[in-house]
$ cat structure_27.cif   # mmCIF, C-alpha atoms and all ligand atoms
data_entry
#
loop_
_atom_site.label_atom_id
_atom_site.label_comp_id
_atom_site.auth_asym_id
_atom_site.auth_seq_id
_atom_site.Cartn_x
_atom_site.Cartn_y
_atom_site.Cartn_z
CA MET A 1 -21.03 -100.80 -14.14
CA LYS A 2 -21.92 -102.53 -17.42
CA ILE A 3 -19.01 -103.95 -19.42
CA LEU A 4 -18.79 -105.73 -22.78
CA VAL A 5 -15.79 -108.03 -23.28
CA VAL A 6 -15.01 -108.77 -26.95
CA GLY A 7 -13.58 -112.21 -27.73
CA SER A 8 -14.10 -115.90 -27.08
CA GLY A 9 -11.02 -117.38 -25.42
CA ALA A 10 -9.76 -118.20 -21.95
CA ARG A 11 -8.25 -114.71 -21.80
CA GLU A 12 -11.72 -113.20 -22.16
CA HIS A 13 -13.16 -115.67 -19.65
CA ALA A 14 -10.47 -114.63 -17.14
CA LEU A 15 -11.20 -110.93 -17.69
CA ALA A 16 -14.98 -111.46 -17.46
CA TRP A 17 -14.54 -113.55 -14.30
CA ARG A 18 -12.56 -110.78 -12.59
CA LEU A 19 -14.89 -107.99 -13.71
CA ALA A 20 -18.01 -109.91 -12.64
CA GLY A 21 -16.33 -110.76 -9.34
CA GLU A 22 -16.09 -107.03 -8.68
CA GLY A 23 -19.83 -106.61 -9.18
CA ALA A 24 -19.88 -105.43 -12.80
CA GLU A 25 -22.65 -106.57 -15.14
CA VAL A 26 -20.61 -108.36 -17.79
CA HIS A 27 -21.50 -109.23 -21.38
CA VAL A 28 -19.22 -111.19 -23.71
CA ALA A 29 -19.34 -111.35 -27.50
CA PRO A 30 -19.16 -114.01 -28.68
CA GLY A 31 -17.88 -115.73 -25.49
CA ASN A 32 -17.77 -119.49 -24.89
CA GLY A 33 -19.28 -122.26 -22.74
CA GLY A 34 -17.55 -120.90 -19.63
CA THR A 35 -18.20 -117.19 -19.91
CA THR A 36 -21.94 -117.86 -19.41
CA GLU A 37 -21.10 -118.69 -15.77
CA VAL A 38 -20.20 -115.07 -15.11
CA ALA A 39 -21.68 -113.10 -18.01
CA VAL A 40 -24.25 -112.98 -20.80
CA ASN A 41 -23.02 -114.21 -24.19
CA HIS A 42 -23.98 -112.49 -27.45
CA ALA A 43 -23.47 -114.18 -30.82
CA VAL A 44 -21.46 -111.39 -32.47
CA ASP A 45 -18.10 -112.24 -34.02
CA ALA A 46 -15.12 -110.50 -32.39
CA SER A 47 -14.01 -109.02 -35.73
CA ASP A 48 -17.47 -107.76 -36.74
CA VAL A 49 -16.82 -104.07 -36.07
CA PRO A 50 -20.30 -102.68 -36.90
CA GLY A 51 -21.91 -105.62 -35.06
CA GLN A 52 -19.86 -104.99 -31.91
CA VAL A 53 -20.59 -101.25 -31.99
CA ALA A 54 -24.33 -101.91 -32.42
CA LEU A 55 -24.27 -104.40 -29.53
CA ALA A 56 -22.41 -102.00 -27.23
CA ARG A 57 -24.94 -99.27 -27.99
CA ARG A 58 -27.96 -101.53 -27.60
CA LEU A 59 -26.70 -102.76 -24.22
CA GLY A 60 -25.74 -99.23 -23.16
CA VAL A 61 -22.41 -100.40 -21.74
CA ASP A 62 -20.07 -98.09 -19.84
CA LEU A 63 -16.96 -99.80 -21.15
CA VAL A 64 -15.89 -102.20 -23.90
CA VAL A 65 -12.80 -104.35 -23.25
CA VAL A 66 -11.34 -105.68 -26.50
CA GLY A 67 -9.50 -109.02 -26.10
CA PRO A 68 -7.98 -110.06 -29.46
CA GLU A 69 -5.81 -108.08 -31.88
CA ALA A 70 -7.84 -108.44 -35.08
CA PRO A 71 -10.68 -106.05 -34.09
CA LEU A 72 -8.12 -103.55 -32.71
CA VAL A 73 -6.18 -103.54 -35.96
CA ALA A 74 -9.50 -103.27 -37.84
CA GLY A 75 -10.39 -100.08 -35.91
CA LEU A 76 -13.01 -101.25 -33.41
CA VAL A 77 -11.88 -98.74 -30.77
CA ASP A 78 -12.07 -95.86 -33.28
CA ALA A 79 -15.59 -96.93 -34.29
CA LEU A 80 -16.68 -97.21 -30.64
CA GLY A 81 -15.23 -93.76 -29.98
CA GLN A 82 -17.26 -92.30 -32.84
CA ALA A 83 -20.35 -93.90 -31.31
CA GLY A 84 -19.51 -92.35 -27.94
CA VAL A 85 -18.58 -95.65 -26.24
CA ARG A 86 -15.51 -95.83 -23.97
CA ALA A 87 -13.13 -98.67 -24.81
CA PHE A 88 -10.06 -100.38 -23.41
CA GLY A 89 -7.66 -100.94 -26.29
CA PRO A 90 -5.63 -98.86 -28.74
CA ARG A 91 -6.97 -97.05 -31.76
CA LYS A 92 -6.18 -98.42 -35.19
CA LYS A 93 -3.04 -96.34 -35.69
CA ALA A 94 -1.41 -97.39 -32.42
CA ALA A 95 -2.53 -100.99 -33.07
CA ARG A 96 -0.12 -101.06 -36.02
CA LEU A 97 2.46 -101.84 -33.35
CA GLU A 98 1.08 -105.40 -33.54
CA GLY A 99 -0.57 -105.24 -36.97
CA SER A 100 2.64 -104.37 -38.85
CA LYS A 101 6.03 -105.84 -37.98
CA VAL A 102 7.66 -103.26 -40.26
CA TYR A 103 6.03 -100.39 -38.35
CA ALA A 104 6.94 -102.04 -35.03
CA LYS A 105 10.61 -102.56 -35.93
CA GLU A 106 10.96 -99.05 -37.33
CA LEU A 107 9.37 -97.60 -34.20
CA MET A 108 11.82 -99.60 -32.06
CA ARG A 109 14.66 -98.12 -34.09
CA ARG A 110 13.36 -94.55 -33.69
CA ALA A 111 12.80 -95.12 -29.97
CA GLY A 112 16.22 -96.71 -29.44
CA VAL A 113 14.65 -99.88 -28.07
CA PRO A 114 16.96 -102.93 -28.17
CA THR A 115 15.94 -105.41 -30.85
CA ALA A 116 17.54 -107.70 -33.44
CA ASP A 117 19.12 -105.96 -36.47
CA PHE A 118 16.76 -106.11 -39.42
CA GLU A 119 16.06 -105.24 -43.03
CA VAL A 120 12.67 -104.73 -44.71
CA PHE A 121 11.89 -106.11 -48.18
CA ASP A 122 8.94 -105.67 -50.51
CA ASP A 123 10.64 -107.59 -53.31
CA ALA A 124 11.11 -111.37 -53.09
CA ALA A 125 14.19 -111.48 -55.33
CA ALA A 126 15.97 -108.85 -53.23
CA ALA A 127 15.00 -110.67 -50.03
CA LYS A 128 16.36 -113.96 -51.35
CA ALA A 129 19.59 -112.32 -52.50
CA TYR A 130 20.03 -110.85 -49.02
CA VAL A 131 19.55 -114.26 -47.41
CA ARG A 132 22.08 -115.88 -49.76
CA ARG A 133 24.65 -113.18 -48.97
CA ALA A 134 24.06 -113.20 -45.22
CA GLY A 135 25.49 -116.63 -44.35
CA ARG A 136 24.19 -116.50 -40.79
CA PRO A 137 20.96 -117.62 -39.05
CA LEU A 138 18.00 -115.39 -39.86
CA VAL A 139 14.35 -115.00 -38.96
CA VAL A 140 11.75 -114.19 -41.64
CA LYS A 141 8.55 -112.40 -40.53
CA ALA A 142 5.43 -111.51 -42.48
CA ASP A 143 4.66 -107.82 -42.01
CA GLY A 144 0.96 -108.25 -41.30
CA LEU A 145 -1.19 -110.42 -39.03
CA ALA A 146 -0.90 -114.12 -39.84
CA ALA A 147 -2.64 -115.74 -36.86
CA GLY A 148 0.70 -116.20 -35.11
CA LYS A 149 2.10 -118.26 -38.00
CA GLY A 150 3.96 -115.59 -39.96
CA VAL A 151 7.38 -116.08 -38.30
CA THR A 152 10.01 -118.57 -39.51
CA VAL A 153 13.11 -119.07 -37.41
CA ALA A 154 15.21 -120.46 -40.26
CA ALA A 155 17.73 -123.23 -39.54
CA ASP A 156 19.58 -122.37 -42.77
CA GLY A 157 19.41 -120.25 -45.91
CA GLY A 158 17.17 -122.78 -47.65
CA GLU A 159 14.50 -122.48 -45.00
CA ALA A 160 14.66 -118.69 -45.12
CA VAL A 161 14.28 -118.71 -48.92
CA ASP A 162 11.36 -121.13 -48.57
CA ALA A 163 9.67 -118.78 -46.09
CA ILE A 164 10.16 -115.83 -48.45
CA GLU A 165 8.56 -117.81 -51.29
CA ARG A 166 5.59 -118.86 -49.15
CA LEU A 167 4.96 -115.35 -47.85
CA MET A 168 5.84 -113.11 -50.79
CA GLU A 169 5.32 -115.25 -53.88
CA ARG A 170 2.62 -117.73 -52.95
CA ARG A 171 0.99 -115.25 -50.53
CA GLN A 172 0.20 -117.89 -47.90
CA PHE A 173 -1.20 -115.11 -45.69
CA GLY A 174 -2.40 -112.81 -48.46
CA ASP A 175 -1.29 -109.20 -48.25
CA ALA A 176 0.23 -109.82 -44.81
CA GLY A 177 3.21 -111.18 -46.76
CA ALA A 178 3.56 -108.33 -49.24
CA ARG A 179 6.46 -107.10 -47.12
CA VAL A 180 8.76 -109.07 -44.85
CA VAL A 181 11.14 -108.26 -42.04
CA ILE A 182 14.33 -110.31 -42.08
CA GLU A 183 16.25 -110.12 -38.84
CA GLU A 184 19.14 -111.59 -36.93
CA ARG A 185 18.39 -114.73 -35.00
CA LEU A 186 18.75 -114.22 -31.26
CA LEU A 187 19.20 -116.93 -28.64
CA GLY A 188 17.93 -116.87 -25.08
CA PRO A 189 14.94 -117.45 -22.83
CA GLU A 190 11.71 -115.61 -23.67
CA VAL A 191 9.73 -113.43 -21.27
CA SER A 192 6.28 -111.85 -21.63
CA TYR A 193 5.98 -108.42 -20.08
CA HIS A 194 2.65 -106.60 -19.80
CA VAL A 195 1.81 -103.04 -18.89
CA VAL A 196 -1.52 -101.26 -18.97
CA SER A 197 -1.33 -97.70 -20.27
CA ASP A 198 -3.74 -94.78 -20.24
CA GLY A 199 -1.77 -93.06 -23.01
CA GLU A 200 0.32 -91.09 -20.51
CA ARG A 201 1.00 -93.25 -17.46
CA PHE A 202 1.34 -96.99 -17.18
CA VAL A 203 0.93 -99.73 -14.58
CA ALA A 204 3.38 -102.62 -14.90
CA LEU A 205 2.00 -106.11 -14.40
CA ALA A 206 4.22 -109.00 -13.33
CA PRO A 207 6.50 -110.76 -15.82
CA ALA A 208 5.34 -114.15 -17.11
CA GLN A 209 6.58 -116.98 -19.30
CA ASP A 210 4.56 -118.70 -21.99
CA HIS A 211 5.14 -122.23 -23.42
CA LYS A 212 4.52 -122.03 -27.15
CA ARG A 213 5.56 -125.51 -28.30
CA ALA A 214 2.99 -128.30 -28.30
CA PHE A 215 4.96 -130.97 -26.41
CA ASP A 216 7.04 -131.43 -23.28
CA GLY A 217 10.64 -130.25 -23.43
CA ASP A 218 9.62 -127.36 -25.72
CA LYS A 219 9.34 -129.78 -28.63
CA GLY A 220 6.86 -130.01 -31.48
CA PRO A 221 5.04 -127.36 -33.47
CA ASN A 222 4.27 -123.82 -32.30
CA THR A 223 0.84 -123.28 -30.75
CA GLY A 224 -1.12 -120.35 -29.40
CA GLY A 225 0.38 -121.26 -25.99
CA MET A 226 0.12 -124.46 -23.92
CA GLY A 227 0.56 -122.88 -20.51
CA ALA A 228 2.18 -120.05 -18.64
CA TYR A 229 3.36 -119.02 -15.20
CA SER A 230 4.19 -115.89 -13.27
CA PRO A 231 6.62 -114.66 -12.09
CA PRO A 232 9.65 -116.28 -13.78
CA PRO A 233 12.55 -116.43 -11.27
CA MET A 234 15.04 -115.39 -13.97
CA VAL A 235 13.50 -111.90 -14.06
CA ASP A 236 15.12 -110.26 -11.05
CA THR A 237 14.58 -106.66 -10.01
CA ALA A 238 17.47 -105.38 -12.14
CA LEU A 239 16.22 -107.11 -15.28
CA GLU A 240 12.67 -105.91 -14.70
CA GLU A 241 13.99 -102.38 -14.28
CA ALA A 242 15.89 -102.73 -17.56
CA ILE A 243 12.72 -103.92 -19.30
CA VAL A 244 10.78 -100.92 -18.00
CA GLU A 245 13.50 -98.30 -18.61
CA GLU A 246 14.95 -99.58 -21.90
CA VAL A 247 11.81 -100.96 -23.52
CA VAL A 248 8.47 -99.94 -22.02
CA ARG A 249 9.13 -96.28 -21.26
CA PRO A 250 10.84 -95.39 -24.56
CA THR A 251 8.18 -97.26 -26.57
CA LEU A 252 5.27 -95.43 -24.93
CA ARG A 253 7.14 -92.12 -25.09
CA GLN A 254 7.85 -92.55 -28.81
CA LEU A 255 4.19 -93.36 -29.53
CA ARG A 256 3.10 -90.26 -27.62
CA ALA A 257 5.66 -88.10 -29.41
CA GLU A 258 4.34 -89.35 -32.75
CA GLY A 259 0.77 -88.51 -31.79
CA GLN A 260 -0.35 -92.15 -31.36
CA PRO A 261 -0.59 -92.63 -27.59
CA LEU A 262 -1.33 -96.22 -26.67
CA VAL A 263 -4.36 -96.85 -24.49
CA GLY A 264 -4.78 -100.44 -23.40
CA ALA A 265 -2.41 -103.33 -22.85
CA LEU A 266 1.13 -103.33 -24.19
CA PHE A 267 2.46 -106.88 -24.09
CA VAL A 268 6.12 -107.04 -25.07
CA GLY A 269 7.58 -110.36 -26.20
CA LEU A 270 11.22 -110.33 -25.10
CA MET A 271 14.27 -112.50 -25.49
CA ILE A 272 16.85 -112.19 -22.73
CA VAL A 273 20.27 -112.18 -24.40
CA ASP A 274 23.31 -112.10 -22.11
CA GLY A 275 21.09 -110.78 -19.34
CA ARG A 276 19.70 -107.87 -21.40
CA PRO A 277 16.19 -107.53 -22.84
CA GLN A 278 15.73 -107.59 -26.64
CA VAL A 279 12.27 -107.03 -28.13
CA LEU A 280 10.97 -109.80 -30.39
CA GLU A 281 7.53 -108.31 -30.87
CA TYR A 282 4.92 -105.96 -29.53
CA ASN A 283 1.31 -106.92 -28.92
CA VAL A 284 -1.37 -104.35 -28.15
CA ARG A 285 -3.58 -106.70 -26.17
CA PHE A 286 -3.26 -109.09 -23.28
CA GLY A 287 -1.43 -112.38 -23.92
CA ASP A 288 -3.22 -115.67 -23.85
CA PRO A 289 -2.53 -117.71 -21.67
CA GLU A 290 -0.43 -115.14 -19.74
CA THR A 291 -3.57 -113.16 -18.84
CA GLU A 292 -5.14 -116.15 -17.11
CA CYS A 293 -2.12 -116.25 -14.76
CA LEU A 294 -2.00 -112.48 -14.31
CA MET A 295 -5.74 -112.16 -13.60
CA ALA A 296 -5.56 -114.97 -11.06
CA ARG A 297 -2.80 -113.12 -9.21
CA TRP A 298 -3.82 -109.45 -9.55
CA GLY A 299 -4.72 -108.10 -6.12
CA GLY A 300 -6.24 -104.77 -7.11
CA SER A 301 -9.45 -103.87 -8.89
CA VAL A 302 -9.49 -104.95 -12.55
CA VAL A 303 -12.42 -102.60 -13.19
CA GLU A 304 -10.27 -99.68 -11.98
CA LEU A 305 -7.29 -100.87 -14.02
CA LEU A 306 -9.14 -101.24 -17.33
CA ASP A 307 -11.62 -98.41 -16.93
CA GLY A 308 -8.90 -96.10 -15.57
CA ALA A 309 -6.82 -96.74 -18.70
CA ALA A 310 -9.83 -96.21 -21.00
CA ARG A 311 -10.68 -92.94 -19.19
CA GLY A 312 -7.09 -91.77 -19.52
CA ASP A 313 -6.43 -91.70 -15.79
CA LEU A 314 -4.46 -94.47 -14.13
CA SER A 315 -3.06 -92.09 -11.52
CA GLY A 316 -4.60 -93.91 -8.56
CA VAL A 317 -3.76 -97.47 -9.63
CA GLU A 318 -0.75 -99.27 -8.16
CA PRO A 319 0.38 -102.82 -8.94
CA LEU A 320 -0.95 -105.12 -6.26
CA TRP A 321 -0.56 -108.91 -6.16
CA SER A 322 -2.78 -111.19 -4.10
CA ALA A 323 -0.79 -114.38 -4.65
CA PRO A 324 2.98 -114.81 -4.94
CA ALA A 325 2.71 -117.16 -7.94
CA SER A 326 0.35 -118.60 -10.50
CA LEU A 327 0.51 -121.19 -13.24
CA CYS A 328 -1.90 -122.34 -15.94
CA VAL A 329 -2.06 -125.50 -18.00
CA VAL A 330 -3.91 -125.62 -21.31
CA LEU A 331 -5.96 -128.72 -22.07
CA ALA A 332 -6.13 -129.04 -25.85
CA SER A 333 -7.87 -131.29 -28.35
CA SER A 334 -5.88 -134.21 -29.72
CA GLY A 335 -4.08 -133.14 -32.89
CA TYR A 336 -3.90 -129.44 -32.00
CA PRO A 337 -2.30 -127.25 -33.47
CA GLY A 338 -3.08 -129.41 -36.52
CA ALA A 339 -6.52 -130.80 -37.33
CA TYR A 340 -8.64 -131.85 -34.34
CA ARG A 341 -12.13 -133.06 -33.56
CA THR A 342 -14.68 -131.05 -31.60
CA GLY A 343 -17.96 -131.90 -29.89
CA GLU A 344 -16.41 -134.15 -27.19
CA ARG A 345 -18.20 -134.09 -23.86
CA ILE A 346 -16.15 -132.61 -20.99
CA GLU A 347 -16.46 -134.18 -17.52
CA GLY A 348 -15.02 -133.29 -14.14
CA LEU A 349 -15.10 -129.49 -14.31
CA GLU A 350 -16.64 -129.12 -10.86
CA GLU A 351 -14.17 -131.51 -9.25
CA ALA A 352 -11.33 -129.58 -10.89
CA SER A 353 -12.58 -126.23 -9.64
CA ALA A 354 -12.82 -127.64 -6.12
CA VAL A 355 -9.01 -127.89 -5.86
CA GLU A 356 -7.69 -125.11 -3.62
CA GLY A 357 -6.59 -121.99 -5.50
CA VAL A 358 -7.88 -123.28 -8.85
CA VAL A 359 -10.12 -121.67 -11.43
CA VAL A 360 -10.84 -123.32 -14.76
CA PHE A 361 -11.11 -120.86 -17.65
CA HIS A 362 -12.77 -122.02 -20.84
CA ALA A 363 -11.15 -121.43 -24.24
CA GLY A 364 -12.82 -123.54 -26.93
CA THR A 365 -16.01 -124.86 -25.35
CA ARG A 366 -19.72 -124.59 -25.92
CA ARG A 367 -22.75 -125.43 -23.86
CA GLU A 368 -25.39 -127.83 -25.10
CA GLY A 369 -28.16 -128.18 -22.54
CA ASP A 370 -26.41 -129.24 -19.34
CA ALA A 371 -23.33 -130.50 -21.16
CA ILE A 372 -20.10 -128.69 -21.93
CA LEU A 373 -18.55 -129.79 -25.22
CA THR A 374 -15.16 -129.14 -26.80
CA ALA A 375 -15.34 -126.53 -29.56
CA GLY A 376 -11.75 -125.56 -30.34
CA GLY A 377 -8.07 -126.53 -30.34
CA ARG A 378 -7.31 -125.02 -26.97
CA VAL A 379 -10.24 -126.18 -24.83
CA LEU A 380 -9.59 -125.17 -21.21
CA CYS A 381 -6.98 -123.28 -19.24
CA VAL A 382 -6.66 -124.70 -15.73
CA THR A 383 -5.21 -121.92 -13.59
CA ALA A 384 -3.93 -122.06 -10.02
CA THR A 385 -2.38 -119.65 -7.57
CA GLY A 386 0.06 -120.68 -4.86
CA ALA A 387 2.74 -119.61 -2.43
CA SER A 388 5.30 -120.70 -5.03
CA ILE A 389 5.38 -121.82 -8.67
CA ALA A 390 5.79 -125.39 -7.41
CA GLU A 391 2.64 -125.17 -5.32
CA ALA A 392 0.67 -123.54 -8.14
CA ALA A 393 1.87 -126.30 -10.50
CA GLU A 394 0.87 -129.03 -8.06
CA ARG A 395 -2.61 -127.56 -7.76
CA ALA A 396 -3.06 -126.90 -11.48
CA TYR A 397 -2.05 -130.46 -12.41
CA ALA A 398 -4.19 -131.98 -9.65
CA ALA A 399 -7.15 -130.10 -11.12
CA ALA A 400 -6.22 -130.81 -14.75
CA ASP A 401 -6.18 -134.54 -13.98
CA ARG A 402 -9.79 -134.35 -12.80
CA VAL A 403 -10.96 -133.05 -16.18
CA ARG A 404 -11.76 -135.70 -18.76
CA PHE A 405 -12.59 -135.53 -22.45
CA SER A 406 -11.72 -137.76 -25.37
CA GLY A 407 -8.35 -136.84 -26.90
CA ARG A 408 -7.29 -134.51 -24.06
CA GLN A 409 -3.74 -133.28 -24.71
CA LEU A 410 -1.58 -131.31 -22.26
CA ARG A 411 2.01 -130.53 -21.40
CA ARG A 412 3.26 -131.96 -18.12
CA ASP A 413 6.17 -129.54 -17.73
CA ILE A 414 4.64 -126.07 -17.59
CA GLY A 415 6.84 -123.91 -15.37
CA TRP A 416 9.80 -126.33 -15.64
CA GLN A 417 12.09 -123.30 -15.42
CA ALA A 418 10.90 -122.65 -11.87
CA ARG A 419 9.93 -126.01 -10.38
P1 LIG B 501 7.04 -113.07 -32.90
O1 LIG B 501 5.66 -113.31 -33.44
O2 LIG B 501 7.79 -111.99 -33.56
O3 LIG B 501 7.11 -113.04 -31.39
O4 LIG B 501 7.81 -114.44 -33.19
C1 LIG B 501 7.31 -115.67 -32.76
C2 LIG B 501 8.41 -116.47 -32.12
O5 LIG B 501 9.51 -116.57 -33.03
C3 LIG B 501 8.98 -115.82 -30.88
O6 LIG B 501 8.25 -116.13 -29.74
C4 LIG B 501 10.38 -116.42 -30.85
O7 LIG B 501 10.35 -117.72 -30.31
C5 LIG B 501 10.72 -116.52 -32.31
N1 LIG B 501 11.51 -115.36 -32.75
C6 LIG B 501 11.03 -114.17 -33.22
N2 LIG B 501 12.04 -113.34 -33.53
C7 LIG B 501 13.18 -114.00 -33.26
C8 LIG B 501 14.56 -113.68 -33.36
N3 LIG B 501 14.99 -112.50 -33.83
N4 LIG B 501 15.46 -114.62 -32.98
C9 LIG B 501 15.07 -115.82 -32.53
N5 LIG B 501 13.79 -116.19 -32.41
C10 LIG B 501 12.84 -115.29 -32.77
N1 LIG B 502 0.87 -116.00 -25.43
C1 LIG B 502 1.25 -115.38 -26.62
C2 LIG B 502 0.25 -114.48 -27.20
O1 LIG B 502 -0.79 -114.21 -26.65
O2 LIG B 502 0.53 -113.96 -28.28
#

$ encode --input "structure_27.cif" --output "C-alpha cells"
Amino acid sequence: MKILVVGSGAREHALAWRLAGEGAEVHVAPGNGGTTEVAVNHAVDASDVPGQVALARRLGVDLVVVGPEAPLVAGLVDALGQAGVRAFGPRKKAARLEGSKVYAKELMRRAGVPTADFEVFDDAAAAKAYVRRAGRPLVVKADGLAAGKGVTVAADGGEAVDAIERLMERRQFGDAGARVVIEERLLGPEVSYHVVSDGERFVALAPAQDHKRAFDGDKGPNTGGMGAYSPPPMVDTALEEAIVEEVVRPTLRQLRAEGQPLVGALFVGLMIVDGRPQVLEYNVRFGDPETECLMARWGGSVVELLDGAARGDLSGVEPLWSAPASLCVVLASSGYPGAYRTGERIEGLEEASAVEGVVVFHAGTRREGDAILTAGGRVLCVTATGASIAEAAERAYAAADRVRFSGRQLRRDIGWQAR
C-alpha cells in the first residue's frame, strides 16, 4: 500500500514510522529530517492544497493521511475526493468543528454536550460591555484558527477587554478574530481524548495528558506541547465511559444528523470538573505530542485503523494496546515558544534510540549531508513505552539526556501526575 502523510512534525513522523513498519510505502510532504528514515520526503507545503493533490496523483497513492488542521479546514480532503484519492481526515464542513469555535460551541449546545456557558459576539463594544457586567472570570476565544494562540484565560476584566481589543479591533489574527466566544472559566485537570471515526462507527484510543506550559511545574508561556503521557491514572473506567457517552457519541451523532459525518480523528480537549467531563475544544486531527505516545502504544494495525476510517468501514477494528504506558518528552530550541535559533547540530540520536522501548521522533529538524540540524522550536519528541508511566519516564529521560544540541530546552516533570 502506498500512503502520503501530509505535515512536517513529530506527529507525522510517528504516523509514518508506524505505517512504514507495517510494510506500507510511505511518502511525507513536506516531512522533516527524521521522516526520511522511514519515508520519502517531498517539498510540498502542508497547506498547499493543489500541490498536495497533484503530488498524491503523481505518486498514485492509495491513501492520504492529513496531519495538521490548516489543510483540513482549507478543504484538502474535499479536493482529494474530487481527484478520486481516498483520504483520512474530515471534509471542510466537518473541519469547522476545529476551524470555528462558534460553530463548535453551537454544535455542543445542539448535541447537549457538557461545556462552559458561552456567548458569541461580532461587535467589540458589546463584548466589552458583557465583560464589564459579568464580574466573574472569563475566557476569550478567537472564532477562527490562530495557531493555538487565540485563547485568553483572563485573570480579570482588564485582561478580557485587552484580549477583545487585540482580536476584534487590532485583528491580531486577521479575520479569525472577527467573532469571539466568551465563556465561563472552568477549573480542573485537562485530558486529551482521541477517537478515530469512519463517519458511522468509531474506535476509541486511550486517554492522554499533554503539558502545554513551557517550564516545569506548569509554569511559563503556552507552547504547542512539551510532552505527553498515556494513560492518565485519573481517567478511570467510569470517567472514560462518561467521556464516550456524554461527549464522543452525541458529538458524532449530531454531525451525522446534520449531514456532516466526521471521517478521521476527533480529538476532544476536556477539563474534568468535579469528576465530570467538560469540553474545552474539538480538534479534527491527531494531537501533537499525544499522537507520539498513542502510536508508540497502539497494538493493532495503524494501516487498518486509518484506511478503514477513510474507506468508511471500521467494523473490524478493535482498540488494542501493546504497552501499558507511554510518555514523550519534547526537546525544544532555547527561547521557544518565543524567538529561537535554528541550524544547531544534533548529536547522540543513535545512542538515544538504543535505550530500551525508546523511539525518537523528529519535529523541527532537517538533514544536511550526514548531519541532522535543528530547524524549528520543537525539535525532537523522545518517546518511550513501559510497564508503567514511571518506567516510560525513566526510559524517555535516559534517552533525552543522550541527545545534545546547543540551547536544548526540556521539561523534567512530564507525567508528574502519574510518577
Ligand atoms: P482551547 O484552544 O479552546 O483548548 O484553549 C486552550 C487552553 O485554554 C486549554 O487547553 C485550557 O487550558 C484553556 N481553556 C480553554 N477554555 C477554558 C475554559 N472555559 N476555562 C478554563 N480554561 C480554558
Ligand atoms: N497537544 C495539543 C494539540 O495538538 O493541539

$ residues_near_ligand --input "structure_27.cif" --ligand "ligand LIG 502 (chain B)" --cutoff "9 Å" --atoms "all atoms listed in the file" --output "list in words"
Arg11, Pro68, Gly148, Ser192, Gln209, Asp210, His211, Lys212, Thr223, Gly224, Gly225, Met226, Gly227, Ala228, Phe267, Gly269, Asn283, Arg285, Phe286, Gly287, Asp288, Pro289, Glu290 and Thr291 of chain A

$ residues_near_ligand --input "structure_27.cif" --ligand "ligand LIG 501 (chain B)" --cutoff "6 Å" --atoms "all atoms listed in the file" --output "number ranges by chain"
A: 116, 139, 148, 151, 153, 183-187, 269, 280-281

$ closest_residue --input "structure_27.cif" --among "A:Asp413, A:Ala398, A:Gly99, A:Trp298" --to "Lys219 of chain A" --atoms "only C-alpha atoms"
A:Asp413

$ residues_near_point --input "structure_27.cif" --point "(-21.7, -126.9, -11.8)" --cutoff "12 Å" --atoms "all atoms listed in the file" --output "PyMOL selection string"
chain A and resi 34+36-37+347-354+360+370-372

$ atom_distance --input "structure_27.cif" --atom1 "atom CA of Gly31 of chain A" --atom2 "atom CA of Asp175 of chain A"
28.9 Å

$ build_atoms --input "structure_27.cif" --residues "segment 128-139 of chain A" --atoms "N, CA and C atoms" --output "PDB file, keeping the file's coordinate frame"
ATOM      1  N   LYS A 128      15.621-112.693 -51.195  1.00  0.00           N
ATOM      2  CA  LYS A 128      16.360-113.960 -51.350  1.00  0.00           C
ATOM      3  C   LYS A 128      17.856-113.701 -51.534  1.00  0.00           C
ATOM      4  N   ALA A 129      18.180-112.659 -52.295  1.00  0.00           N
ATOM      5  CA  ALA A 129      19.590-112.320 -52.500  1.00  0.00           C
ATOM      6  C   ALA A 129      20.251-111.955 -51.166  1.00  0.00           C
ATOM      7  N   TYR A 130      19.507-111.245 -50.341  1.00  0.00           N
ATOM      8  CA  TYR A 130      20.030-110.850 -49.020  1.00  0.00           C
ATOM      9  C   TYR A 130      20.325-112.086 -48.172  1.00  0.00           C
ATOM     10  N   VAL A 131      19.376-113.035 -48.185  1.00  0.00           N
ATOM     11  CA  VAL A 131      19.550-114.260 -47.410  1.00  0.00           C
ATOM     12  C   VAL A 131      20.781-115.027 -47.897  1.00  0.00           C
ATOM     13  N   ARG A 132      20.946-115.117 -49.208  1.00  0.00           N
ATOM     14  CA  ARG A 132      22.080-115.880 -49.760  1.00  0.00           C
ATOM     15  C   ARG A 132      23.401-115.234 -49.377  1.00  0.00           C
ATOM     16  N   ARG A 133      23.416-113.901 -49.334  1.00  0.00           N
ATOM     17  CA  ARG A 133      24.650-113.180 -48.970  1.00  0.00           C
ATOM     18  C   ARG A 133      24.949-113.280 -47.483  1.00  0.00           C
ATOM     19  N   ALA A 134      23.901-113.365 -46.672  1.00  0.00           N
ATOM     20  CA  ALA A 134      24.060-113.200 -45.220  1.00  0.00           C
ATOM     21  C   ALA A 134      24.943-114.272 -44.600  1.00  0.00           C
ATOM     22  N   GLY A 135      24.675-115.535 -44.900  1.00  0.00           N
ATOM     23  CA  GLY A 135      25.490-116.630 -44.350  1.00  0.00           C
ATOM     24  C   GLY A 135      25.453-116.715 -42.843  1.00  0.00           C
ATOM     25  N   ARG A 136      24.348-116.329 -42.232  1.00  0.00           N
ATOM     26  CA  ARG A 136      24.190-116.500 -40.790  1.00  0.00           C
ATOM     27  C   ARG A 136      22.705-116.738 -40.508  1.00  0.00           C
ATOM     28  N   PRO A 137      22.361-117.270 -39.319  1.00  0.00           N
ATOM     29  CA  PRO A 137      20.960-117.620 -39.050  1.00  0.00           C
ATOM     30  C   PRO A 137      20.052-116.393 -39.027  1.00  0.00           C
ATOM     31  N   LEU A 138      18.916-116.515 -39.722  1.00  0.00           N
ATOM     32  CA  LEU A 138      18.000-115.390 -39.860  1.00  0.00           C
ATOM     33  C   LEU A 138      16.576-115.787 -39.518  1.00  0.00           C
ATOM     34  N   VAL A 139      15.766-114.784 -39.255  1.00  0.00           N
ATOM     35  CA  VAL A 139      14.350-115.000 -38.960  1.00  0.00           C
ATOM     36  C   VAL A 139      13.562-114.191 -39.995  1.00  0.00           C
TER      37      VAL A 139
END
